[in-house]
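Shown here: structure.tsv, TSV, C-alpha atoms and all ligand atoms.
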```tsv
chain	number	residue	atom	x	y	z
V	3	MET	CA	-4.16	-4.26	-20.71
V	4	PRO	CA	-5.87	-2.18	-18.01
V	5	ALA	CA	-6.92	1.29	-19.17
V	6	ALA	CA	-6.96	2.50	-15.56
V	7	LEU	CA	-4.39	1.03	-13.20
V	8	GLY	CA	-4.26	1.66	-9.44
V	9	ILE	CA	-1.11	1.15	-7.38
V	10	LEU	CA	-1.14	0.56	-3.61
V	11	GLY	CA	2.34	0.27	-2.14
V	12	GLY	CA	3.08	-0.41	1.50
V	13	THR	CA	4.78	-2.65	3.99
V	14	PHE	CA	1.61	-4.66	4.74
V	15	ASP	CA	3.02	-5.92	8.03
V	16	PRO	CA	0.25	-7.13	8.28
V	17	PRO	CA	-2.32	-6.11	5.61
V	18	HIS	CA	-5.60	-4.99	7.20
V	19	LEU	CA	-9.12	-3.76	6.46
V	20	GLY	CA	-7.86	-0.17	6.07
V	21	HIS	CA	-5.82	-1.31	3.07
V	22	VAL	CA	-8.78	-3.16	1.59
V	23	ALA	CA	-11.03	-0.12	2.17
V	24	ALA	CA	-8.55	2.24	0.49
V	25	ALA	CA	-8.17	-0.08	-2.51
V	26	THR	CA	-11.92	-0.63	-2.82
V	27	ALA	CA	-12.70	3.09	-2.62
V	28	ALA	CA	-10.14	3.78	-5.35
V	29	TRP	CA	-11.39	0.95	-7.55
V	30	LYS	CA	-15.02	2.10	-7.29
V	31	GLN	CA	-14.59	5.85	-7.37
V	32	LEU	CA	-11.87	6.01	-10.04
V	33	GLY	CA	-13.30	3.23	-12.21
V	34	LEU	CA	-10.06	1.23	-12.09
V	35	ASP	CA	-9.69	-1.93	-14.20
V	36	GLU	CA	-6.92	-3.30	-12.00
V	37	LEU	CA	-5.16	-2.38	-8.78
V	38	ARG	CA	-1.66	-3.61	-8.02
V	39	VAL	CA	-0.95	-4.28	-4.34
V	40	ILE	CA	2.84	-4.01	-4.07
V	41	PRO	CA	4.49	-5.01	-0.77
V	42	ALA	CA	7.83	-3.28	-0.22
V	43	GLY	CA	10.97	-5.33	0.16
V	44	GLN	CA	12.71	-2.62	2.14
V	45	ALA	CA	10.49	0.43	2.64
V	46	PRO	CA	12.13	3.87	2.52
V	47	LEU	CA	11.62	6.32	5.43
V	48	ARG	CA	11.26	3.52	7.99
V	49	ASN	CA	13.64	2.92	10.87
V	50	ALA	CA	12.78	-0.71	11.55
V	51	ALA	CA	12.70	-3.71	9.20
V	52	PRO	CA	9.32	-5.44	8.78
V	53	LEU	CA	8.61	-8.07	11.45
V	54	ALA	CA	7.07	-10.58	9.04
V	55	PRO	CA	9.26	-11.95	6.23
V	56	ALA	CA	8.55	-10.78	2.69
V	57	ASP	CA	7.02	-14.09	1.54
V	58	GLU	CA	4.61	-14.05	4.50
V	59	ARG	CA	3.57	-10.46	3.75
V	60	MET	CA	2.94	-11.51	0.14
V	61	ALA	CA	0.87	-14.48	1.32
V	62	MET	CA	-1.15	-12.29	3.72
V	63	CYS	CA	-1.81	-9.74	0.95
V	64	LYS	CA	-3.14	-12.52	-1.28
V	65	LEU	CA	-5.49	-13.61	1.52
V	66	ALA	CA	-6.58	-10.04	2.36
V	67	PHE	CA	-7.44	-9.27	-1.27
V	68	ALA	CA	-8.79	-12.73	-2.20
V	69	SER	CA	-12.33	-11.39	-2.59
V	70	CYS	CA	-11.23	-8.52	-4.88
V	71	PRO	CA	-10.87	-9.96	-8.39
V	72	TRP	CA	-9.57	-6.61	-9.66
V	73	ALA	CA	-6.61	-6.68	-7.23
V	74	VAL	CA	-3.27	-8.22	-8.26
V	75	VAL	CA	-0.63	-8.80	-5.57
V	76	ASP	CA	2.65	-7.94	-7.26
V	77	ASN	CA	6.02	-9.07	-5.89
V	78	ARG	CA	8.28	-6.76	-7.92
V	79	GLU	CA	9.57	-4.74	-4.93
V	80	ILE	CA	10.33	-7.90	-3.00
V	81	ARG	CA	12.28	-9.34	-5.93
V	82	ARG	CA	14.20	-6.10	-6.44
V	83	ALA	CA	17.35	-5.77	-4.32
V	84	GLY	CA	17.86	-2.82	-1.98
V	85	VAL	CA	15.48	-0.06	-0.93
V	86	SER	CA	12.04	-0.26	-2.59
V	87	TRP	CA	11.89	3.20	-4.12
V	88	SER	CA	8.43	4.04	-5.52
V	89	ILE	CA	10.01	5.91	-8.42
V	90	ASP	CA	11.64	2.66	-9.63
V	91	THR	CA	8.28	0.89	-9.45
V	92	ALA	CA	6.55	3.72	-11.31
V	93	ARG	CA	9.19	3.74	-14.06
V	94	GLU	CA	8.69	-0.02	-14.54
V	95	LEU	CA	4.90	0.33	-14.64
V	96	VAL	CA	5.16	3.12	-17.23
V	97	ARG	CA	7.20	0.77	-19.43
V	98	GLU	CA	4.69	-2.08	-18.93
V	99	PHE	CA	1.50	0.00	-19.17
V	100	PRO	CA	2.45	3.04	-21.24
V	101	LEU	CA	-1.12	3.84	-22.27
V	102	ALA	CA	-2.82	3.28	-18.90
V	103	TRP	CA	-4.04	6.01	-16.58
V	104	ARG	CA	-1.85	5.22	-13.57
V	105	VAL	CA	-3.01	6.26	-10.10
V	106	TRP	CA	-0.97	5.85	-6.93
V	107	VAL	CA	-3.35	5.31	-4.00
V	108	LEU	CA	-2.23	6.34	-0.52
V	109	GLY	CA	-3.43	7.32	2.92
V	110	ALA	CA	-3.30	10.89	4.18
V	111	ASP	CA	-0.31	10.06	6.43
V	112	GLN	CA	1.76	9.28	3.34
V	113	LEU	CA	0.46	12.28	1.39
V	114	ALA	CA	1.63	14.55	4.22
V	115	ARG	CA	5.22	13.45	3.66
V	116	LEU	CA	5.13	12.90	-0.07
V	117	ASP	CA	7.62	15.74	-0.56
V	118	ARG	CA	10.25	13.47	1.05
V	119	TRP	CA	9.79	10.67	-1.51
V	120	LYS	CA	12.73	10.15	-3.86
V	121	ASP	CA	12.44	11.98	-7.20
V	122	ILE	CA	8.94	13.13	-6.31
V	123	THR	CA	8.69	15.67	-9.14
V	124	GLU	CA	9.39	12.97	-11.71
V	125	LEU	CA	6.96	10.61	-9.92
V	126	CYS	CA	4.22	13.26	-10.12
V	127	GLY	CA	4.70	13.27	-13.89
V	128	LEU	CA	4.44	9.47	-14.15
V	129	VAL	CA	1.36	8.85	-11.97
V	130	ASP	CA	-1.67	10.65	-10.61
V	131	PHE	CA	-2.42	10.29	-6.89
V	132	ALA	CA	-5.58	9.43	-4.97
V	133	VAL	CA	-5.76	9.91	-1.21
V	134	LEU	CA	-7.99	8.50	1.49
V	135	SER	CA	-8.40	10.39	4.76
V	136	ARG	CA	-6.85	8.74	7.80
V	137	ASP	CA	-6.59	9.66	11.48
V	138	GLY	CA	-7.89	13.18	10.86
V	139	ILE	CA	-4.77	14.07	8.83
V	140	SER	CA	-5.25	16.70	6.10
V	141	THR	CA	-5.70	15.49	2.53
V	142	VAL	CA	-4.03	18.64	1.20
V	143	PRO	CA	-0.64	17.86	-0.39
V	144	PRO	CA	2.58	19.52	0.80
V	145	ALA	CA	2.78	23.07	-0.57
V	146	SER	CA	5.95	22.34	-2.53
V	147	LEU	CA	4.02	19.85	-4.71
V	148	ALA	CA	1.07	22.14	-5.46
V	149	GLY	CA	2.35	22.90	-8.97
V	150	CYS	CA	2.94	19.34	-10.09
V	151	ILE	CA	0.68	16.86	-8.27
V	152	ARG	CA	-2.61	15.65	-9.77
V	153	LEU	CA	-4.65	14.48	-6.80
V	154	THR	CA	-8.11	13.01	-6.28
V	155	VAL	CA	-9.51	12.92	-2.75
V	156	LEU	CA	-11.49	9.72	-2.28
V	157	ALA	CA	-14.71	9.95	-0.29
V	158	ALA	CA	-14.96	7.06	2.13
V	159	PRO	CA	-15.55	6.70	5.85
V	160	PRO	CA	-12.19	6.51	7.67
V	161	VAL	CA	-11.14	3.05	8.84
V	162	ASN	CA	-9.17	3.52	12.03
V	163	VAL	CA	-6.72	0.67	11.92
V	164	SER	CA	-2.96	0.45	11.39
V	165	SER	CA	-0.44	-2.35	11.05
V	166	THR	CA	1.49	-0.89	14.00
V	167	ALA	CA	-1.55	-1.12	16.28
V	168	LEU	CA	-2.31	-4.67	15.11
V	169	ARG	CA	1.28	-5.80	15.73
V	170	GLN	CA	1.17	-4.30	19.22
V	171	VAL	CA	-2.15	-5.93	20.04
V	172	HIS	CA	-0.80	-9.26	18.85
V	173	CYS	CA	2.48	-8.92	20.73
V	174	ARG	CA	0.52	-8.34	23.94
V	175	GLY	CA	-1.21	-11.65	23.31
V	176	ASP	CA	-4.51	-9.81	22.96
V	177	LEU	CA	-7.06	-11.78	21.03
V	178	ALA	CA	-8.90	-8.72	19.73
V	179	ARG	CA	-8.43	-8.76	15.98
V	180	ASN	CA	-10.73	-5.99	14.82
V	181	GLY	CA	-9.34	-4.65	11.61
V	182	LEU	CA	-7.84	-7.89	10.27
V	183	PRO	CA	-9.54	-10.02	7.64
V	184	SER	CA	-10.25	-13.36	9.36
V	185	SER	CA	-8.16	-15.27	6.79
V	186	VAL	CA	-5.16	-13.08	7.64
V	187	ALA	CA	-5.73	-13.55	11.39
V	188	ARG	CA	-5.78	-17.33	10.89
V	189	HIS	CA	-2.60	-17.21	8.81
V	190	ILE	CA	-0.84	-15.17	11.51
V	191	ASP	CA	-1.78	-17.81	14.10
V	192	GLU	CA	-0.85	-20.79	11.95
V	193	ARG	CA	2.52	-19.36	10.97
V	194	HIS	CA	3.25	-17.89	14.43
V	195	LEU	CA	3.93	-14.44	13.01
V	196	TYR	CA	4.32	-11.51	15.42
V	197	PRO	CA	5.19	-13.63	18.49
V	198	SER	CA	4.72	-11.97	21.88
F	201	LIG	P1	2.32	0.93	9.85
F	201	LIG	O1	1.37	1.14	10.99
F	201	LIG	O2	3.27	-0.24	10.05
F	201	LIG	O3	3.02	2.20	9.44
F	201	LIG	P2	0.17	1.06	7.91
F	201	LIG	O4	-1.02	0.57	8.64
F	201	LIG	O5	0.30	2.53	7.71
F	201	LIG	O6	1.49	0.47	8.58
F	201	LIG	P3	1.24	0.50	5.30
F	201	LIG	O7	1.48	-0.86	4.76
F	201	LIG	O8	2.40	1.31	5.66
F	201	LIG	O9	0.23	0.30	6.54
F	201	LIG	O10	0.28	1.32	4.33
F	201	LIG	C1	0.23	1.18	2.94
F	201	LIG	C2	-0.65	2.30	2.37
F	201	LIG	O11	-1.98	2.16	2.85
F	201	LIG	C3	-0.19	3.72	2.78
F	201	LIG	O12	-0.41	4.61	1.71
F	201	LIG	C4	-1.11	4.04	3.93
F	201	LIG	O13	-1.28	5.44	4.11
F	201	LIG	C5	-2.39	3.37	3.49
F	201	LIG	N1	-3.20	3.00	4.63
F	201	LIG	C6	-2.87	2.14	5.62
F	201	LIG	N2	-3.86	2.05	6.52
F	201	LIG	C7	-4.85	2.87	6.11
F	201	LIG	C8	-6.14	3.23	6.63
F	201	LIG	N3	-6.58	2.72	7.78
F	201	LIG	N4	-6.88	4.12	5.92
F	201	LIG	C9	-6.40	4.65	4.76
F	201	LIG	N5	-5.20	4.35	4.21
F	201	LIG	C10	-4.43	3.48	4.88
```
Just give me the structure of the file as structure tokens.
Amino acid sequence: MPAALGILGGTFDPPHLGHVAAATAAWKQLGLDELRVIPAGQAPLRNAAPLAPADERMAMCKLAFASCPWAVVDNREIRRAGVSWSIDTARELVREFPLAWRVWVLGADQLARLDRWKDITELCGLVDFAVLSRDGISTVPPASLAGCIRLTVLAAPPVNVSSTALRQVHCRGDLARNGLPSSVARHIDERHLYPS
């Protein structure tokens, strides 16, 4: 049983070095025993469905985190029907790891809109949060959460990469793959994901 459990949710369409950097910073700086990488089946607050199918996003996450023995790629949100609400995931993890210190790791872009997450007050009681700066966005939580959120700001150099930018580069047929682990880039080619 991990005493300190990190949680990194996302669409991972595709997973990239920014995700690995965020997970690694959390693992090192928070002293995590394990970090769950949890690809969403159907992410809330997104207009478009993921381009890559769920099983391919799972496979890419396993490749991206292959060199991190403390990372476990967890398919619970893909198995669960409907919208992948974080509160449902947190409730499950509380049941499975009742004694663990549970920390939800996110980028500053997600922190900025955390007040829009479903049942956020309850979620703040179930997990702590750790944030990594991204794109110059503030790491201060929304004012409405000031009374309930427990937040650690991770100190790490920003990694300026996003799944959106990588999908666009790929769709243009551009061969530049900065920001993707090479194993993930190979998988994308072999499986013809993100066709132009
Ligand atoms: P998209 O561009 O499709 O929105 P994304 O690159 O933001 O995707 P997600 O899978 O949505 O990737 O992100 C999962 C989590 O990882 C989120 O909490 C997000 O803020 C964080 N994250 C993603 N990229 C970075 C990065 N470069 N630096 C820090 N955190 C990041």
- Task: Taking only C-alpha atoms and all ligand atoms into account, report as a list in words which residues have an atom no farther than 6 Å from an atom of ligand LIG 201 (chain F).
- Result: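 Sorted by chain and then by number, the residues are Gly11, Gly12, Thr13, Phe14, Gly20, His21, Ala24, Leu108, Gly109, Ala110, Asp111, Gln112, Leu134, Arg136, Val161, Asn162, Val163, Ser164, Ser165 and Thr166 of chain V.
Considering the residues V:Leu65, V:Ala167, V:Leu47, V:Ala102 and counting all atoms listed in the file, Leu116 in chain V has its shortest atom-to-atom contact with V:Leu47.
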- State, in Å with one decimal place, the distance from CA of Asn77 in chain V to CA of Val155 in chain V. 27.1 Å
Point (-4.0, -8.2, -10.2), cut-off 12 Å, counting all atoms listed in the file, residues as an mmCIF file with C-alpha atoms, in the frame of the given file:
```
data_model
loop_
_atom_site.group_PDB
_atom_site.id
_atom_site.type_symbol
_atom_site.label_atom_id
_atom_site.label_comp_id
_atom_site.auth_asym_id
_atom_site.auth_seq_id
_atom_site.Cartn_x
_atom_site.Cartn_y
_atom_site.Cartn_z
ATOM 1 C CA MET V 3 -4.160 -4.260 -20.710
ATOM 2 C CA PRO V 4 -5.870 -2.180 -18.010
ATOM 3 C CA LEU V 7 -4.390 1.030 -13.200
ATOM 4 C CA GLY V 8 -4.260 1.660 -9.440
ATOM 5 C CA ILE V 9 -1.110 1.150 -7.380
ATOM 6 C CA LEU V 10 -1.140 0.560 -3.610
ATOM 7 C CA ALA V 25 -8.170 -0.080 -2.510
ATOM 8 C CA LEU V 34 -10.060 1.230 -12.090
ATOM 9 C CA ASP V 35 -9.690 -1.930 -14.200
ATOM 10 C CA GLU V 36 -6.920 -3.300 -12.000
ATOM 11 C CA LEU V 37 -5.160 -2.380 -8.780
ATOM 12 C CA ARG V 38 -1.660 -3.610 -8.020
ATOM 13 C CA VAL V 39 -0.950 -4.280 -4.340
ATOM 14 C CA ILE V 40 2.840 -4.010 -4.070
ATOM 15 C CA CYS V 63 -1.810 -9.740 0.950
ATOM 16 C CA LYS V 64 -3.140 -12.520 -1.280
ATOM 17 C CA PHE V 67 -7.440 -9.270 -1.270
ATOM 18 C CA ALA V 68 -8.790 -12.730 -2.200
ATOM 19 C CA SER V 69 -12.330 -11.390 -2.590
ATOM 20 C CA CYS V 70 -11.230 -8.520 -4.880
ATOM 21 C CA PRO V 71 -10.870 -9.960 -8.390
ATOM 22 C CA TRP V 72 -9.570 -6.610 -9.660
ATOM 23 C CA ALA V 73 -6.610 -6.680 -7.230
ATOM 24 C CA VAL V 74 -3.270 -8.220 -8.260
ATOM 25 C CA VAL V 75 -0.630 -8.800 -5.570
ATOM 26 C CA ASP V 76 2.650 -7.940 -7.260
ATOM 27 C CA ASN V 77 6.020 -9.070 -5.890
#
```
Padding of 3 Å on every side, edges along x, y and z, all listed atoms of range 90-104 of chain V included: what centre and edge lengths in Å, to one decimal, does that box have, as JSON?
```
{"center_x": 3.8, "center_y": 2.0, "center_z": -15.9, "size_x": 21.7, "size_y": 14.1, "size_z": 18.8}
```
- Distance of CA of Pro183 in chain V from CA of Arg48 in chain V, expressed in Å to one decimal place: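 Distance between the two atoms: 24.8 Å.
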